[in-house]
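Trainee: Pasting a structure below so you can have a look.
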Amino acid sequence: MPRPLIAGNWKMNGLKGAVAEFGRMMEGYDRKMRARVDLLICPPATLLATLPVVALGSRIAIGAQDCHAKASGAHTGDISAEMIADTGATFVIVGHSERRADHGETDAVVRAKAEAARRAGLIAIVCVGETEAERRAGVALDVVRAQLAGSIPDGATGADLVVAYEPVWAIGTGLIPTMADIAEMHATMRAELLARFGAEGAGIRLLYGGSVKPDNAGEILAVLDVDGALVGGASLQAEAFLDIARTYS
Ligand code: 13P
């Protein structure tokens, strides 16, 4: 079983003052927790130069929320995987549904970004998940299978890839799927990874994301093949984020 990962995606939240909140996370990530679960915070790009330095020695990993597929060049406003690695960050989220929706990112674009992450030595967190209409139409499993096939680079291993299943309708809504639906989706994703990558597919962590809170983390993280969570809103407060991670201790 892969080591669990609780990842926080701060999205477009966090000014300089948020560094103090991160400090409280570092204080709370004690030896007992460190023995059982990995923690990751993905701040906005403006804090990417700061948090990896603050985090030194704390064992909380830092990641970015997106990267460009190219290493450098004339791409105003974009940040490359190499630049992210240069800050000391070690992860990058790619293909979050908000980027797929707001920036028209296709599976092919997401795959190119995941390949860029590997080129730069970063671990890519590839996000997939169905919309509410797709869930209602009964095609959620097909949608996610296709997203996995199109978004994940060849030759992926647990050392360079994490997959996050985030149903679009569960993000920021307080709604979550039934535990049976999460179990079915995660079993399907695991089967896809095993079929494509053989034994390596067993080591790729599968996170659930979408309205994960301290009061529902226990049941969600107990589901088979859920190897952690990708947390939005509840990752902005140290206590809530640590409470979710404490599920493992
Ligand atoms: P919420 O936890 O706020 O629903 O956000 C989930 C998410 O999109 C994490 O990437």
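Every chain in the structure tokens has a letter given in the order shown (A, B, ...), and although residue numbers restart at 1 in each chain, ligands are simply numbered from 1 in the order shown.
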Quick one: everything within 10 Å of Gly172 (chain A), counting only C-alpha atoms, minus sequence neighbours fewer than 2 positions away in the same chain. Send it as a list of chain:residue names.
Mentor: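 Here the answer would be A:Val168, A:Trp169, A:Ala170, A:Gly174, A:Leu175, A:Ile176, A:Gly209, A:Gly210, A:Ser211, A:Val212, A:Val231, A:Gly232, A:Gly233, A:Ala234.
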Trainee: Give me the residues near Ala114 (chain A) as a compact mmCIF listing (two decimals) with C-alpha atoms, in the first residue's frame, where near means some atom within 9 Å (using only C-alpha atoms) and where sequence neighbours in that chain fewer than 2 positions away do not count.
Mentor:
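Saved result, selection-v4.txt, follows:
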```
# COMPACT_ATOMS: atom_id res chain seq x y z
CA CYS A 67 2.89 24.59 -14.89
CA ALA A 69 4.59 22.34 -20.72
CA VAL A 92 2.74 20.25 -9.20
CA ILE A 93 -1.01 19.83 -9.67
CA VAL A 94 -1.98 19.53 -13.34
CA GLY A 95 -5.39 19.33 -14.97
CA VAL A 109 -2.45 19.60 -22.61
CA VAL A 110 -2.61 18.02 -19.15
CA ARG A 111 -0.47 15.11 -20.33
CA ALA A 112 2.15 17.50 -21.74
CA ALA A 116 7.07 18.53 -18.12
CA ALA A 117 6.79 17.84 -14.41
CA ARG A 118 8.69 14.57 -14.78
CA ARG A 119 11.34 16.27 -16.96
CA LEU A 122 8.60 17.04 -9.95
CA ILE A 123 5.77 14.70 -8.94
CA ALA A 124 2.64 15.50 -10.98
CA ILE A 125 -0.79 15.32 -9.36
CA VAL A 126 -3.07 14.67 -12.33
CA SER A 151 -3.84 12.78 -19.31
CA ILE A 152 -1.26 10.37 -17.88
CA PRO A 153 2.12 10.03 -19.61
CA ASP A 160 6.48 10.73 -10.44
CA LEU A 161 2.68 10.51 -10.44
```
Trainee: Which polymer residues have any atom within 6 Å of an atom of Ala164 (chain A), counting only C-alpha atoms, with same-chain residues fewer than 5 positions away left out, as a count of residues only?
Mentor: 4
Trainee: Among region 66-174 of chain A, which residues does DSSP mark as helix (DSSP H, G or I) when it is run on the backbone? Keep the chain and numbering as in the structure and answer as number ranges by chain.
Mentor: A: 81-86, 97-102, 107-119, 132-136, 140-151, 168-170
Trainee: DSSP on the backbone: which residues in region 10-176 of chain A end up as strand (DSSP E or B)? Give the answer as a PyMOL selection string.
Mentor: chain A and resi 38-42+61-64+68+80+91-94+123-128+161-165
Trainee: Those selected residues, please, written with N, CA and C atoms and delivered as a JSON list (two decimals), in the first residue's frame.
Mentor:
```json
[["chain", "number", "residue", "atom", "x", "y", "z"],
["A", 38, "ASP", "N", 2.13, 11.64, 4.67],
["A", 38, "ASP", "CA", 2.84, 12.76, 4.04],
["A", 38, "ASP", "C", 1.90, 13.95, 3.93],
["A", 39, "LEU", "N", 2.44, 15.15, 4.12],
["A", 39, "LEU", "CA", 1.65, 16.38, 3.94],
["A", 39, "LEU", "C", 2.25, 17.21, 2.82],
["A", 40, "LEU", "N", 1.38, 17.87, 2.09],
["A", 40, "LEU", "CA", 1.78, 18.73, 0.97],
["A", 40, "LEU", "C", 0.88, 19.95, 0.95],
["A", 41, "ILE", "N", 1.47, 21.13, 0.75],
["A", 41, "ILE", "CA", 0.68, 22.34, 0.55],
["A", 41, "ILE", "C", 1.04, 22.93, -0.81],
["A", 42, "CYS", "N", 0.01, 23.25, -1.59],
["A", 42, "CYS", "CA", 0.19, 23.89, -2.90],
["A", 42, "CYS", "C", -0.34, 25.31, -2.82],
["A", 61, "ALA", "N", 5.85, 18.94, 2.28],
["A", 61, "ALA", "CA", 6.26, 19.22, 0.90],
["A", 61, "ALA", "C", 5.47, 20.41, 0.36],
["A", 62, "ILE", "N", 6.05, 21.09, -0.63],
["A", 62, "ILE", "CA", 5.40, 22.23, -1.26],
["A", 62, "ILE", "C", 5.24, 21.93, -2.75],
["A", 63, "GLY", "N", 4.09, 22.34, -3.29],
["A", 63, "GLY", "CA", 3.85, 22.12, -4.71],
["A", 63, "GLY", "C", 3.19, 23.32, -5.35],
["A", 64, "ALA", "N", 3.22, 23.35, -6.67],
["A", 64, "ALA", "CA", 2.55, 24.41, -7.43],
["A", 64, "ALA", "C", 1.18, 23.88, -7.89],
["A", 68, "HIS", "N", 3.58, 25.30, -17.09],
["A", 68, "HIS", "CA", 3.57, 25.29, -18.55],
["A", 68, "HIS", "C", 4.28, 24.01, -19.02],
["A", 80, "SER", "N", 7.24, 27.60, -15.65],
["A", 80, "SER", "CA", 7.60, 26.24, -16.10],
["A", 80, "SER", "C", 7.84, 25.32, -14.91],
["A", 91, "PHE", "N", 6.24, 19.11, -5.99],
["A", 91, "PHE", "CA", 5.01, 18.61, -6.63],
["A", 91, "PHE", "C", 4.42, 19.70, -7.52],
["A", 92, "VAL", "N", 3.56, 19.28, -8.47],
["A", 92, "VAL", "CA", 2.74, 20.25, -9.20],
["A", 92, "VAL", "C", 1.41, 19.58, -9.56],
["A", 93, "ILE", "N", 0.32, 20.29, -9.26],
["A", 93, "ILE", "CA", -1.01, 19.83, -9.67],
["A", 93, "ILE", "C", -1.18, 20.17, -11.14],
["A", 94, "VAL", "N", -1.65, 19.23, -11.94],
["A", 94, "VAL", "CA", -1.98, 19.53, -13.34],
["A", 94, "VAL", "C", -3.38, 19.02, -13.67],
["A", 123, "ILE", "N", 6.86, 15.69, -8.95],
["A", 123, "ILE", "CA", 5.77, 14.70, -8.94],
["A", 123, "ILE", "C", 4.51, 15.42, -9.41],
["A", 124, "ALA", "N", 3.87, 14.89, -10.46],
["A", 124, "ALA", "CA", 2.64, 15.50, -10.98],
["A", 124, "ALA", "C", 1.43, 14.92, -10.27],
["A", 125, "ILE", "N", 0.51, 15.78, -9.87],
["A", 125, "ILE", "CA", -0.79, 15.32, -9.36],
["A", 125, "ILE", "C", -1.80, 15.58, -10.47],
["A", 126, "VAL", "N", -2.14, 14.54, -11.21],
["A", 126, "VAL", "CA", -3.07, 14.67, -12.33],
["A", 126, "VAL", "C", -4.50, 14.54, -11.80],
["A", 127, "CYS", "N", -5.32, 15.57, -12.08],
["A", 127, "CYS", "CA", -6.71, 15.57, -11.58],
["A", 127, "CYS", "C", -7.68, 15.11, -12.67],
["A", 128, "VAL", "N", -8.63, 14.30, -12.24],
["A", 128, "VAL", "CA", -9.70, 13.82, -13.12],
["A", 128, "VAL", "C", -11.01, 13.90, -12.35],
["A", 161, "LEU", "N", 4.10, 10.25, -10.18],
["A", 161, "LEU", "CA", 2.68, 10.51, -10.44],
["A", 161, "LEU", "C", 1.80, 10.22, -9.23],
["A", 162, "VAL", "N", 0.86, 11.14, -9.00],
["A", 162, "VAL", "CA", -0.27, 10.94, -8.07],
["A", 162, "VAL", "C", -1.51, 11.26, -8.90],
["A", 163, "VAL", "N", -2.59, 10.53, -8.69],
["A", 163, "VAL", "CA", -3.85, 10.82, -9.38],
["A", 163, "VAL", "C", -4.86, 11.30, -8.34],
["A", 164, "ALA", "N", -5.57, 12.38, -8.66],
["A", 164, "ALA", "CA", -6.62, 12.87, -7.75],
["A", 164, "ALA", "C", -7.97, 12.77, -8.45],
["A", 165, "TYR", "N", -8.88, 12.03, -7.84],
["A", 165, "TYR", "CA", -10.26, 11.95, -8.35],
["A", 165, "TYR", "C", -11.08, 13.04, -7.66]]
```
Trainee: Give me, as a list in words, all polymer residues having an atom no more than 8 Å from Val223 (chain A), counting only C-alpha atoms and skipping those fewer than 4 positions away in the same chain.
Mentor: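 The residues satisfying every condition are Met179, Ile182, Ala183 and Glu219 of chain A.
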Trainee: Go through A:Ile60, A:Met83, A:Ile171, A:Ala222 and flag the residue nearest ligand 1, using only C-alpha atoms and all ligand atoms for the distances.
Mentor: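 That would be A:Ile171, the residue with the smallest distance to ligand 1.
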Trainee: When distances are computed from only C-alpha atoms and all ligand atoms, which of A:Lys11, A:Lys16, A:His186, A:Arg24 shows the smallest separation from ligand 1?
Mentor: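 Checking each candidate against ligand 1, we get A:Lys11 as the closest.
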